[in-house]
Amino acid sequence: EAGVTQFPSHSVIEKGQTVTLRCDPISGHDNLYWYRRVMGKEIKFLLHFVKESKQDESGMPNNRFLAERTGGTYSTLKVQPAELEDSGVYFCASSQSGGYYGYTFGSGTRLTVV
Amino acid sequence: DQQVKQNSPSLSVQEGRISILNCDYTNSMFDYFLWYKKYPAEGPTFLISISSIKDKNEDGRFTVFLNKSAKHLSLHIVPSQPGDSAVYFCAAISGNQFYFGTGTSLTVIP
């Protein structure tokens, strides 16, 4: 069974540009989560999808971040325009039931804004 | 406002000895606690969990202890092995949301 796949694995962009991160959850997992780890700090929740619906987006930092999950399969997280403080590692996770059991993380996308 | 804290950013232990990683939390509504292990360039992987109604859970070389009155949990690894070298994240669950600590980087010295 394929795990949670994220790409790109690394992205370096200039301040003001746009970047789109993609997450492919484990097939059949209705729950999809985005997290972010800024350098040396905790991994912080961004938002939670159940199928294509946003269940909880309380962790989204501001309106420069837009997450979508059209069709309830893969998800994208767009940052537009990117700022220096957006640099960090963005993790995606998925689960079938919504609980911690079977909650699987992807390997993350390291975003560097210069 | 950080609800889960790991105050030791790093820890070094000799192979064969015990590793003790600590975690404190502030929210008494957390009902599940987990430890995740992370290697470089990989996502966190689940290691062990404990329900808030228990005070100890053991799985092989890994034991998690929960002290609810102190809002403190710890992960014991014994004996420590070089392959245990990684960053360990403490996490707590409230609803569907995970709250993570900042991680402790464990180095097991051969």
# chains A, B, ... in the order shown; residues from 1 in each chain; ligands from 1
>>> interface_residues(of="chain B", to="chain A", cutoff="8 Å", atoms="only C-alpha atoms", output="PyMOL selection string")
chain B and resi 41-46+93+96-103
>>> write_last_selection(atoms="C-alpha atoms", output="PDB file, in the first residue's frame")
ATOM      1  CA  ALA B  41      13.759  13.833   5.225  1.00  0.00           C
ATOM      2  CA  GLU B  42      10.953  11.577   6.408  1.00  0.00           C
ATOM      3  CA  GLY B  43       7.587  12.261   7.985  1.00  0.00           C
ATOM      4  CA  PRO B  44       6.881  11.473  11.629  1.00  0.00           C
ATOM      5  CA  THR B  45       6.018   7.826  12.257  1.00  0.00           C
ATOM      6  CA  PHE B  46       3.878   6.597  15.101  1.00  0.00           C
ATOM      7  CA  ILE B  93      -5.075  14.837  20.765  1.00  0.00           C
ATOM      8  CA  ASN B  96      -9.341  15.418  15.584  1.00  0.00           C
ATOM      9  CA  GLN B  97      -6.515  17.820  16.084  1.00  0.00           C
ATOM     10  CA  PHE B  98      -2.980  16.896  17.050  1.00  0.00           C
ATOM     11  CA  TYR B  99      -0.853  19.216  19.134  1.00  0.00           C
ATOM     12  CA  PHE B 100       2.854  18.561  18.877  1.00  0.00           C
ATOM     13  CA  GLY B 101       5.841  19.500  20.959  1.00  0.00           C
ATOM     14  CA  THR B 102       8.976  20.978  19.427  1.00  0.00           C
ATOM     15  CA  GLY B 103      10.791  17.651  19.400  1.00  0.00           C
TER      16      GLY B 103
END
>>> select_by_dssp(residues="chain B", states="strand (DSSP E or B)", output="MDAnalysis selection string")
chainID B and resid 4:5 10:14 19:25 32:38 45:51 56:59 62:67 72:77 86:94 97:100 104:109
>>> residues_around(residues="range 15-31 of chain B", least_positions_apart="6", cutoff="7 Å", atoms="only C-alpha atoms", output="list of chain:residue names")
B:Gln3, B:Val4, B:Lys5, B:Gln6, B:Ser51, B:Ser52, B:Lys71, B:His72, B:Leu73, B:Ser74, B:Leu75, B:His76, B:Ile77, B:Val78, B:Pro79, B:Ser80, B:Gln81, B:Pro82, B:Cys90, B:Ala92, B:Ile93, B:Ser94, B:Val108, B:Ile109, B:Pro110
>>> residues_around(residues="Pro25 in chain A", least_positions_apart="3", cutoff="7 Å", atoms="only C-alpha atoms", output="ChimeraX atom specification")
/A:4-5,29,32,74,94
>>> residues_around(residues="Thr76 in chain A", least_positions_apart="6", cutoff="6 Å", atoms="only C-alpha atoms", output="count of residues only")
4
>>> closest_residue(among="B:Leu66, B:Ala86, B:Ser10, B:Thr107", to="Tyr32 in chain B", atoms="only C-alpha atoms")
B:Leu66
>>> closest_residue(among="B:Leu11, B:Ser69, B:Gln2, B:Phe89", to="Lys37 in chain B", atoms="only C-alpha atoms")
B:Phe89
>>> residues_around(residues="Asn63 in chain A", least_positions_apart="4", cutoff="10 Å", atoms="only C-alpha atoms", output="PyMOL selection string")
chain A and resi 79-81
>>> write_last_selection(atoms="C-alpha atoms", output="compact mmCIF listing (two decimals), in the first residue's frame")
# COMPACT_ATOMS: atom_id res chain seq x y z
CA VAL A 79 0.75 30.07 -0.78
CA GLN A 80 0.27 33.34 -2.63
CA PRO A 81 2.20 35.58 -2.29
>>> closest_residue(among="B:Gly95, B:Asp59, B:Asp84, B:Phe65", to="Lys38 in chain B", atoms="only C-alpha atoms")
B:Asp84
>>> atom_distance(atom1="CA of Gln96 in chain A", atom2="CA of Val19 in chain A")
28.0 Å
